[in-house]
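Undergrad: I am sharing input.cif, which consists of mmCIF, C-alpha atoms:
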data_model
loop_
_atom_site.group_PDB
_atom_site.id
_atom_site.type_symbol
_atom_site.label_atom_id
_atom_site.label_comp_id
_atom_site.auth_asym_id
_atom_site.auth_seq_id
_atom_site.Cartn_x
_atom_site.Cartn_y
_atom_site.Cartn_z
ATOM 1 C CA MET A 13 -167.866 -27.770 -126.339
ATOM 2 C CA ALA A 14 -165.978 -31.000 -126.899
ATOM 3 C CA PHE A 15 -169.167 -32.952 -127.490
ATOM 4 C CA ASN A 16 -171.052 -30.067 -129.141
ATOM 5 C CA ALA A 17 -173.695 -29.772 -126.435
ATOM 6 C CA GLU A 18 -176.618 -27.622 -127.500
ATOM 7 C CA ASP A 19 -175.816 -24.753 -125.139
ATOM 8 C CA TRP A 20 -172.023 -24.922 -125.032
ATOM 9 C CA LYS A 21 -171.573 -21.447 -126.499
ATOM 10 C CA SER A 22 -173.714 -19.808 -123.841
ATOM 11 C CA ALA A 23 -172.306 -21.961 -121.027
ATOM 12 C CA LEU A 24 -168.633 -21.354 -121.808
ATOM 13 C CA ASP A 25 -167.040 -18.458 -119.925
ATOM 14 C CA ARG A 26 -164.769 -16.793 -122.453
ATOM 15 C CA GLY A 27 -163.910 -13.336 -121.136
ATOM 16 C CA LEU A 28 -160.272 -12.362 -120.649
ATOM 17 C CA ASP A 29 -160.481 -13.145 -116.930
ATOM 18 C CA ASP A 30 -162.073 -16.512 -117.755
ATOM 19 C CA VAL A 31 -159.286 -17.383 -120.193
ATOM 20 C CA PHE A 32 -156.678 -16.743 -117.504
ATOM 21 C CA ALA A 33 -158.818 -18.493 -114.889
ATOM 22 C CA SER A 34 -158.939 -21.596 -117.087
ATOM 23 C CA LEU A 35 -155.220 -21.980 -116.462
ATOM 24 C CA SER A 36 -156.231 -23.077 -112.971
ATOM 25 C CA ALA A 37 -157.064 -26.403 -114.622
ATOM 26 C CA LEU A 38 -153.340 -27.025 -114.156
ATOM 27 C CA ALA A 39 -153.957 -27.152 -110.393
ATOM 28 C CA PHE A 40 -156.505 -29.921 -110.925
ATOM 29 C CA ALA A 41 -154.452 -31.877 -113.446
ATOM 30 C CA SER A 42 -151.047 -31.733 -111.716
ATOM 31 C CA PRO A 43 -151.948 -33.971 -108.742
ATOM 32 C CA LEU A 44 -153.332 -36.495 -111.222
ATOM 33 C CA VAL A 45 -150.016 -36.450 -113.088
ATOM 34 C CA VAL A 46 -148.206 -37.060 -109.787
ATOM 35 C CA LEU A 47 -150.508 -40.011 -109.032
ATOM 36 C CA ALA A 48 -149.847 -41.378 -112.522
ATOM 37 C CA SER A 49 -146.087 -41.092 -111.895
ATOM 38 C CA VAL A 50 -146.332 -43.016 -108.626
ATOM 39 C CA ALA A 51 -148.590 -45.680 -110.167
ATOM 40 C CA GLY A 52 -146.382 -45.842 -113.261
ATOM 41 C CA ARG A 53 -143.339 -46.476 -111.100
ATOM 42 C CA ARG A 54 -145.165 -49.259 -109.258
ATOM 43 C CA ALA A 55 -146.332 -50.792 -112.541
ATOM 44 C CA ALA A 56 -142.841 -50.625 -114.066
ATOM 45 C CA SER A 57 -141.307 -52.290 -111.012
ATOM 46 C CA ARG A 58 -143.839 -55.147 -111.151
ATOM 47 C CA ILE A 59 -143.874 -55.814 -114.921
ATOM 48 C CA PRO A 60 -140.730 -57.566 -116.227
ATOM 49 C CA GLU A 61 -140.871 -55.867 -119.663
ATOM 50 C CA PHE A 62 -140.337 -52.505 -117.934
ATOM 51 C CA SER A 63 -137.477 -53.549 -115.625
ATOM 52 C CA ASP A 64 -134.965 -51.341 -117.470
ATOM 53 C CA SER A 65 -137.359 -48.379 -117.663
ATOM 54 C CA ILE A 66 -136.508 -44.945 -116.337
ATOM 55 C CA TYR A 67 -139.597 -45.433 -114.153
ATOM 56 C CA VAL A 68 -137.683 -48.077 -112.230
ATOM 57 C CA SER A 69 -134.211 -46.513 -112.175
ATOM 58 C CA ALA A 70 -134.975 -42.839 -111.493
ATOM 59 C CA PRO A 71 -135.604 -41.539 -107.983
ATOM 60 C CA LEU A 72 -139.321 -40.956 -107.490
ATOM 61 C CA ALA A 73 -138.925 -37.197 -106.945
ATOM 62 C CA ALA A 74 -136.969 -36.822 -110.196
ATOM 63 C CA LEU A 75 -139.534 -38.928 -112.015
ATOM 64 C CA ILE A 76 -142.387 -36.761 -110.743
ATOM 65 C CA VAL A 77 -140.579 -33.558 -111.734
ATOM 66 C CA SER A 78 -139.909 -35.004 -115.191
ATOM 67 C CA ASP A 79 -143.531 -36.082 -115.655
ATOM 68 C CA LEU A 80 -144.815 -32.682 -114.524
ATOM 69 C CA ALA A 81 -142.350 -30.977 -116.904
ATOM 70 C CA THR A 82 -143.539 -33.232 -119.728
ATOM 71 C CA PHE A 83 -147.136 -32.386 -118.946
ATOM 72 C CA ALA A 84 -146.454 -28.631 -118.794
ATOM 73 C CA LEU A 85 -144.362 -28.646 -121.978
ATOM 74 C CA ASP A 86 -146.981 -30.664 -123.860
ATOM 75 C CA TRP A 87 -149.745 -28.349 -122.621
ATOM 76 C CA ALA A 88 -147.885 -25.130 -123.523
ATOM 77 C CA ALA A 89 -146.651 -26.361 -126.904
ATOM 78 C CA SER A 90 -150.083 -27.724 -127.826
ATOM 79 C CA LEU A 91 -151.775 -24.445 -126.897
ATOM 80 C CA ALA A 92 -149.160 -22.516 -128.895
ATOM 81 C CA LEU A 93 -149.793 -24.772 -131.902
ATOM 82 C CA LEU A 94 -153.560 -24.386 -131.604
ATOM 83 C CA LEU A 95 -153.317 -20.599 -131.298
ATOM 84 C CA ALA A 96 -150.966 -20.391 -134.289
ATOM 85 C CA LEU A 97 -153.389 -22.495 -136.323
ATOM 86 C CA ALA A 98 -156.282 -20.285 -135.179
ATOM 87 C CA ARG A 99 -154.440 -17.237 -136.400
ATOM 88 C CA LEU A 100 -153.482 -18.888 -139.721
ATOM 89 C CA THR A 101 -156.990 -20.138 -140.424
ATOM 90 C CA GLY A 102 -158.840 -16.989 -139.428
ATOM 91 C CA ALA A 103 -160.346 -18.655 -136.371
ATOM 92 C CA GLY A 104 -158.522 -16.253 -134.055
ATOM 93 C CA ARG A 105 -161.804 -14.674 -132.989
ATOM 94 C CA HIS A 106 -162.580 -18.035 -131.328
ATOM 95 C CA ALA A 107 -159.237 -18.179 -129.507
ATOM 96 C CA ALA A 108 -160.867 -17.750 -126.095
ATOM 97 C CA ASP A 109 -163.145 -20.739 -126.751
ATOM 98 C CA LEU A 110 -160.156 -22.760 -127.880
ATOM 99 C CA ILE A 111 -157.998 -21.879 -124.869
ATOM 100 C CA VAL A 112 -160.710 -22.370 -122.258
ATOM 101 C CA GLY A 113 -161.912 -25.619 -123.837
ATOM 102 C CA TYR A 114 -158.405 -27.034 -124.237
ATOM 103 C CA ASN A 115 -157.379 -26.111 -120.711
ATOM 104 C CA TRP A 116 -160.419 -27.703 -119.077
ATOM 105 C CA ILE A 117 -160.133 -31.010 -120.922
ATOM 106 C CA GLN A 118 -156.646 -31.555 -119.469
ATOM 107 C CA PRO A 119 -157.761 -32.685 -115.987
ATOM 108 C CA VAL A 120 -160.346 -34.977 -117.594
ATOM 109 C CA ILE A 121 -157.709 -36.563 -119.831
ATOM 110 C CA ALA A 122 -155.288 -36.952 -116.900
ATOM 111 C CA ALA A 123 -158.012 -38.542 -114.750
ATOM 112 C CA ALA A 124 -159.102 -40.886 -117.544
ATOM 113 C CA GLN A 125 -155.583 -42.309 -117.856
ATOM 114 C CA LEU A 126 -155.200 -43.117 -114.159
ATOM 115 C CA PRO A 127 -157.318 -46.309 -113.960
ATOM 116 C CA ALA A 128 -155.267 -48.091 -116.614
ATOM 117 C CA ILE A 129 -151.971 -47.196 -114.935
ATOM 118 C CA ALA A 130 -153.315 -48.124 -111.498
ATOM 119 C CA LEU A 131 -154.601 -51.442 -112.832
ATOM 120 C CA MET A 132 -151.227 -52.206 -114.401
ATOM 121 C CA ALA A 133 -149.604 -51.471 -111.047
ATOM 122 C CA ALA A 134 -152.100 -53.526 -109.042
ATOM 123 C CA ALA A 135 -152.309 -56.534 -111.355
ATOM 124 C CA ALA A 136 -148.769 -56.384 -112.780
ATOM 125 C CA SER A 137 -150.382 -56.814 -116.186
ATOM 126 C CA ARG A 138 -149.369 -54.735 -119.170
ATOM 127 C CA THR A 139 -152.150 -56.317 -121.245
ATOM 128 C CA LEU A 140 -154.895 -55.557 -118.746
ATOM 129 C CA GLY A 141 -153.678 -51.974 -118.466
ATOM 130 C CA GLY A 142 -153.722 -51.664 -122.245
ATOM 131 C CA ILE A 143 -157.272 -52.957 -122.495
ATOM 132 C CA VAL A 144 -158.503 -50.554 -119.829
ATOM 133 C CA GLY A 145 -156.431 -47.775 -121.385
ATOM 134 C CA LEU A 146 -158.184 -48.014 -124.769
ATOM 135 C CA PRO A 147 -161.384 -46.255 -123.618
ATOM 136 C CA ALA A 148 -159.253 -43.539 -121.971
ATOM 137 C CA PHE A 149 -157.367 -43.041 -125.223
ATOM 138 C CA ALA A 150 -160.647 -42.928 -127.144
ATOM 139 C CA LEU A 151 -162.033 -40.340 -124.707
ATOM 140 C CA SER A 152 -158.871 -38.242 -125.070
ATOM 141 C CA LEU A 153 -159.177 -38.345 -128.857
ATOM 142 C CA ALA A 154 -162.864 -37.440 -128.702
ATOM 143 C CA LEU A 155 -162.177 -34.482 -126.421
ATOM 144 C CA LEU A 156 -159.327 -33.196 -128.592
ATOM 145 C CA TRP A 157 -161.400 -33.732 -131.737
ATOM 146 C CA GLY A 158 -164.323 -31.760 -130.348
ATOM 147 C CA ILE A 159 -162.182 -28.872 -129.117
ATOM 148 C CA VAL A 160 -160.341 -28.664 -132.445
ATOM 149 C CA ARG A 161 -163.518 -28.937 -134.520
ATOM 150 C CA ARG A 162 -165.352 -26.203 -132.628
ATOM 151 C CA GLY A 163 -162.438 -24.063 -131.473
ATOM 152 C CA LEU A 164 -160.913 -23.824 -134.936
ATOM 153 C CA ASN A 165 -164.128 -24.371 -136.874
ATOM 154 C CA ALA A 166 -162.181 -27.107 -138.660
ATOM 155 C CA ALA A 167 -163.581 -29.562 -141.192
ATOM 156 C CA PRO A 168 -163.123 -33.276 -140.350
ATOM 157 C CA ALA A 169 -159.945 -33.917 -142.385
ATOM 158 C CA PRO A 170 -157.994 -30.905 -141.071
ATOM 159 C CA ALA A 171 -159.281 -31.602 -137.550
ATOM 160 C CA ALA A 172 -157.941 -35.170 -137.755
ATOM 161 C CA ALA A 173 -154.564 -33.877 -138.944
ATOM 162 C CA ILE A 174 -154.443 -31.370 -136.076
ATOM 163 C CA VAL A 175 -155.285 -34.054 -133.501
ATOM 164 C CA VAL A 176 -152.430 -36.160 -134.911
ATOM 165 C CA LEU A 177 -150.135 -33.107 -134.627
ATOM 166 C CA LEU A 178 -151.179 -32.696 -130.988
ATOM 167 C CA ILE A 179 -150.326 -36.339 -130.333
ATOM 168 C CA PHE A 180 -146.886 -35.806 -131.879
ATOM 169 C CA VAL A 181 -146.388 -32.712 -129.716
ATOM 170 C CA GLY A 182 -147.065 -34.894 -126.659
ATOM 171 C CA ILE A 183 -144.648 -37.573 -127.869
ATOM 172 C CA ALA A 184 -141.958 -34.955 -128.530
ATOM 173 C CA ALA A 185 -142.448 -33.439 -125.056
ATOM 174 C CA ASP A 186 -142.147 -36.893 -123.494
ATOM 175 C CA LEU A 187 -139.004 -37.752 -125.456
ATOM 176 C CA LEU A 188 -137.389 -34.418 -124.611
ATOM 177 C CA CYS A 189 -138.127 -34.583 -120.889
ATOM 178 C CA SER A 190 -137.185 -38.276 -120.648
ATOM 179 C CA ALA A 191 -133.868 -37.543 -122.371
ATOM 180 C CA ALA A 192 -133.263 -34.662 -119.971
ATOM 181 C CA LEU A 193 -133.995 -36.915 -116.986
ATOM 182 C CA LYS A 194 -131.667 -39.647 -118.309
ATOM 183 C CA ALA A 195 -128.925 -37.077 -118.905
ATOM 184 C CA ALA A 196 -129.366 -35.652 -115.404
ATOM 185 C CA LEU A 197 -129.181 -39.122 -113.883
ATOM 186 C CA ALA A 198 -126.059 -39.948 -115.932
ATOM 187 C CA VAL A 199 -124.334 -36.775 -114.707
ATOM 188 C CA GLN A 200 -125.252 -37.646 -111.112
ATOM 189 C CA GLY A 201 -124.241 -41.275 -111.426
#
Show this structure as structure tokens.
TA:
Amino acid sequence: MAFNAEDWKSALDRGLDDVFASLSALAFASPLVVLASVAGRRAASRIPEFSDSIYVSAPLAALIVSDLATFALDWAASLALLLALARLTGAGRHAADLIVGYNWIQPVIAAAQLPAIALMAAAASRTLGGIVGLPAFALSLALLWGIVRRGLNAAPAPAAAIVVLLIFVGIAADLLCSAALKAALAVQG
């Protein structure tokens, strides 16, 4: 679906049971988020620019919970946004495609981000991690673009705007959960 394969419509399971089953993608993505948290902590502790980061100061368990909460909040809010847009644009009849497609790209996106974080941790190099992270970011954008284009039957300009909105949803989820973690640590400390 994301890359508009010739047979994606016939290959995509979109029944009600399949829509709910696609939520199991969370079980595949969550361990990848945990690995990213652990690698992110290691990277932050080895790279001087990140020495005052929450990734260094927070206990690992709290950091993992915060990252999983960020991931879940981003996922839920993004799906809610996509479904609201589907309803507003008359693409609601494709909601099952949109939900199933969006859910199953999440483990791929989480897995694509891991090598850059792991490389930053191993090499203690922010620059090297950024270079390796560019293809992962491009893949994430391509996957989101394809799901939005086909799931909402969106023209290129609106699809680009929606992808940007999804990025802002992710940033907002991260800011909210990071603030909550900092507040929790301040209360404890």
Undergrad: Under the rule that only C-alpha atoms are counted, which of A:Val31, A:Ala136, A:Val160, A:Leu126 is the nearest residue to Ala173 of chain A?
TA: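 Nearest candidate to Ala173 of chain A out of A:Val31, A:Ala136, A:Val160, A:Leu126: A:Val160.
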Undergrad: Ala128 of chain A: which residues within 6 Å, counting all atoms listed in the file, same-chain residues fewer than 4 positions away excluded, as a ChimeraX atom specification?
TA: /A:141,144-145
Undergrad: Now that the selection is made, can you save its residues with C-alpha atoms as a compact mmCIF listing (two decimals), in the frame of the given file?
TA:
# COMPACT_ATOMS: atom_id res chain seq x y z
CA GLY A 141 -153.68 -51.97 -118.47
CA VAL A 144 -158.50 -50.55 -119.83
CA GLY A 145 -156.43 -47.78 -121.38
Undergrad: Please determine, counting only C-alpha atoms, which residue among A:Asp64, A:Ala171, A:Val46, A:Leu140 has the shortest atom-to-atom distance to Val77 of chain A.
TA: A:Val46
Undergrad: To one decimal place in Å, what is the distance between atom CA of Met132 of chain A and atom CA of Leu146 of chain A?
TA: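 Between these atoms lies a distance of 13.2 Å.
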Undergrad: Go through A:Ser57, A:Ser63, A:Ser90, A:Gln200 one by one, measure the shortest atom-to-atom distance of each to Ala134 of chain A using all atoms listed in the file, and give the residue with the smallest value.
TA: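 Smallest distance to Ala134 of chain A is found for A:Ser57.
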Undergrad: Choose the residue, out of A:Gly52, A:Gly142, A:Gly182, A:Gly163, that has the smallest atom-to-atom separation from Leu94 of chain A; count all atoms listed in the file.
TA: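 Ranked by minimum distance to Leu94 of chain A, first place goes to A:Gly163.
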Undergrad: Hey, could you make a per-residue contact list for segment 57-168 of chain A against segment 194-197 of chain A with 9 Å as the cut-off, showing the nearest pair of atoms and its distance in Å to one decimal, counting all atoms listed in the file, sorted by chain and number, as CSV?
TA:
residue,atom,partner,partner_atom,distance
A:Ile66,CA,A:Lys194,CA,7.4
A:Ala70,CA,A:Leu197,CA,7.3
A:Ala74,CA,A:Leu197,CA,8.9
Undergrad: For the file shown, what are the residues hit by the PyMOL selection byres ((chain A and resi 78) around 9), laid out as a VMD selection string?
TA: chain A and resid 73 to 77 79 to 83 186 189 to 190 192 to 193
Undergrad: Work out how far atom CA of Thr101 of chain A is from atom CA of Ala14 of chain A, in Å to one decimal.
TA: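 These atoms are spaced 19.5 Å apart.
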Undergrad: Apply the PyMOL selection byres ((chain A and resi 148-158) around 10) to the file shown and report the selected residues as a VMD selection string.
TA: chain A and resid 13 to 16 113 to 114 117 to 118 120 to 128 142 to 147 159 to 166 168 171 to 176 178 to 179
Undergrad: How would the residues just chosen look if you wrote them out with C-alpha atoms as a PDB file, in the coordinates of the input?
TA:
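Output below, filename again26.pdb:
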ATOM      1  CA  MET A  13    -167.866 -27.770-126.339  1.00  0.00           C
ATOM      2  CA  ALA A  14    -165.978 -31.000-126.899  1.00  0.00           C
ATOM      3  CA  PHE A  15    -169.167 -32.952-127.490  1.00  0.00           C
ATOM      4  CA  ASN A  16    -171.052 -30.067-129.141  1.00  0.00           C
ATOM      5  CA  GLY A 113    -161.912 -25.619-123.837  1.00  0.00           C
ATOM      6  CA  TYR A 114    -158.405 -27.034-124.237  1.00  0.00           C
ATOM      7  CA  ILE A 117    -160.133 -31.010-120.922  1.00  0.00           C
ATOM      8  CA  GLN A 118    -156.646 -31.555-119.469  1.00  0.00           C
ATOM      9  CA  VAL A 120    -160.346 -34.977-117.594  1.00  0.00           C
ATOM     10  CA  ILE A 121    -157.709 -36.563-119.831  1.00  0.00           C
ATOM     11  CA  ALA A 122    -155.288 -36.952-116.900  1.00  0.00           C
ATOM     12  CA  ALA A 123    -158.012 -38.542-114.750  1.00  0.00           C
ATOM     13  CA  ALA A 124    -159.102 -40.886-117.544  1.00  0.00           C
ATOM     14  CA  GLN A 125    -155.583 -42.309-117.856  1.00  0.00           C
ATOM     15  CA  LEU A 126    -155.200 -43.117-114.159  1.00  0.00           C
ATOM     16  CA  PRO A 127    -157.318 -46.309-113.960  1.00  0.00           C
ATOM     17  CA  ALA A 128    -155.267 -48.091-116.614  1.00  0.00           C
ATOM     18  CA  GLY A 142    -153.722 -51.664-122.245  1.00  0.00           C
ATOM     19  CA  ILE A 143    -157.272 -52.957-122.495  1.00  0.00           C
ATOM     20  CA  VAL A 144    -158.503 -50.554-119.829  1.00  0.00           C
ATOM     21  CA  GLY A 145    -156.431 -47.775-121.385  1.00  0.00           C
ATOM     22  CA  LEU A 146    -158.184 -48.014-124.769  1.00  0.00           C
ATOM     23  CA  PRO A 147    -161.384 -46.255-123.618  1.00  0.00           C
ATOM     24  CA  ILE A 159    -162.182 -28.872-129.117  1.00  0.00           C
ATOM     25  CA  VAL A 160    -160.341 -28.664-132.445  1.00  0.00           C
ATOM     26  CA  ARG A 161    -163.518 -28.937-134.520  1.00  0.00           C
ATOM     27  CA  ARG A 162    -165.352 -26.203-132.628  1.00  0.00           C
ATOM     28  CA  GLY A 163    -162.438 -24.063-131.473  1.00  0.00           C
ATOM     29  CA  LEU A 164    -160.913 -23.824-134.936  1.00  0.00           C
ATOM     30  CA  ASN A 165    -164.128 -24.371-136.874  1.00  0.00           C
ATOM     31  CA  ALA A 166    -162.181 -27.107-138.660  1.00  0.00           C
ATOM     32  CA  PRO A 168    -163.123 -33.276-140.350  1.00  0.00           C
ATOM     33  CA  ALA A 171    -159.281 -31.602-137.550  1.00  0.00           C
ATOM     34  CA  ALA A 172    -157.941 -35.170-137.755  1.00  0.00           C
ATOM     35  CA  ALA A 173    -154.564 -33.877-138.944  1.00  0.00           C
ATOM     36  CA  ILE A 174    -154.443 -31.370-136.076  1.00  0.00           C
ATOM     37  CA  VAL A 175    -155.285 -34.054-133.501  1.00  0.00           C
ATOM     38  CA  VAL A 176    -152.430 -36.160-134.911  1.00  0.00           C
ATOM     39  CA  LEU A 178    -151.179 -32.696-130.988  1.00  0.00           C
ATOM     40  CA  ILE A 179    -150.326 -36.339-130.333  1.00  0.00           C
TER      41      ILE A 179
END
Undergrad: Just the number, please: distance in Å from atom CA of Glu61 of chain A to atom CA of Pro43 of chain A, one decimal.
TA: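 Result for atom CA of Glu61 of chain A versus atom CA of Pro43 of chain A: 26.9 Å, one decimal.
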Undergrad: So that I can check the surroundings of Leu93 of chain A, please list as an MDAnalysis selection string every protein, DNA and RNA residue that reaches within 9 Å of it, counting only C-alpha atoms and ignoring chain neighbours fewer than 3 positions away.
TA: chainID A and resid 88:90 96:98 177:178 181
Undergrad: Using only C-alpha atoms, which residues sit within 8 Å of Ala37 of chain A once same-chain residues fewer than 5 positions away are excluded, as a PDB file with C-alpha atoms, keeping the file's coordinate frame?
TA:
ATOM      1  CA  ASN A 115    -157.379 -26.111-120.711  1.00  0.00           C
ATOM      2  CA  TRP A 116    -160.419 -27.703-119.077  1.00  0.00           C
ATOM      3  CA  GLN A 118    -156.646 -31.555-119.469  1.00  0.00           C
ATOM      4  CA  PRO A 119    -157.761 -32.685-115.987  1.00  0.00           C
TER       5      PRO A 119
END
Undergrad: Please return as a list in words every residue within 10 Å of (-146.7, -50.2, -111.7), taking into account all atoms listed in the file and the file's own coordinates.
TA: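 Result, sorted by chain then residue number: Ala48, Ser49, Val50, Ala51, Gly52, Arg53, Arg54, Ala55, Ala56, Ser57, Arg58, Ile59, Phe62, Tyr67, Val68, Ile129, Ala130, Leu131, Met132, Ala133, Ala134, Ala135, Ala136, Ser137, Arg138 and Gly141 of chain A.
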Undergrad: Can you write out the residues you just picked, keeping C-alpha atoms, as a compact mmCIF listing (two decimals), in the frame of the given file?
TA:
# COMPACT_ATOMS: atom_id res chain seq x y z
CA ALA A 48 -149.85 -41.38 -112.52
CA SER A 49 -146.09 -41.09 -111.90
CA VAL A 50 -146.33 -43.02 -108.63
CA ALA A 51 -148.59 -45.68 -110.17
CA GLY A 52 -146.38 -45.84 -113.26
CA ARG A 53 -143.34 -46.48 -111.10
CA ARG A 54 -145.16 -49.26 -109.26
CA ALA A 55 -146.33 -50.79 -112.54
CA ALA A 56 -142.84 -50.62 -114.07
CA SER A 57 -141.31 -52.29 -111.01
CA ARG A 58 -143.84 -55.15 -111.15
CA ILE A 59 -143.87 -55.81 -114.92
CA PHE A 62 -140.34 -52.50 -117.93
CA TYR A 67 -139.60 -45.43 -114.15
CA VAL A 68 -137.68 -48.08 -112.23
CA ILE A 129 -151.97 -47.20 -114.94
CA ALA A 130 -153.32 -48.12 -111.50
CA LEU A 131 -154.60 -51.44 -112.83
CA MET A 132 -151.23 -52.21 -114.40
CA ALA A 133 -149.60 -51.47 -111.05
CA ALA A 134 -152.10 -53.53 -109.04
CA ALA A 135 -152.31 -56.53 -111.36
CA ALA A 136 -148.77 -56.38 -112.78
CA SER A 137 -150.38 -56.81 -116.19
CA ARG A 138 -149.37 -54.74 -119.17
CA GLY A 141 -153.68 -51.97 -118.47
Undergrad: Taking into account all atoms listed in the file, which residue in the set A:Ala198, A:Leu28, A:Ala17, A:Val45 is nearest to Asp109 of chain A?
TA: A:Leu28
Undergrad: In terms of the shortest atom-to-atom distance over all atoms listed in the file, which of A:Ser22, A:Ala108, A:Thr139, A:Trp87 is closest to Leu38 of chain A?
TA: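 Between A:Ser22, A:Ala108, A:Thr139, A:Trp87, the residue approaching Leu38 of chain A most closely is A:Trp87.
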Undergrad: If you take every atom of segment 89-95 of chain A that the file lists and fit an axis-aligned box around them with 3 Å extra on each side, what centre and edge lengths come out in Å to one decimal, as lines of an AutoDock Vina configuration file?
TA:
center_x = -150.1
center_y = -24.2
center_z = -129.4
size_x = 12.9
size_y = 13.1
size_z = 11.0
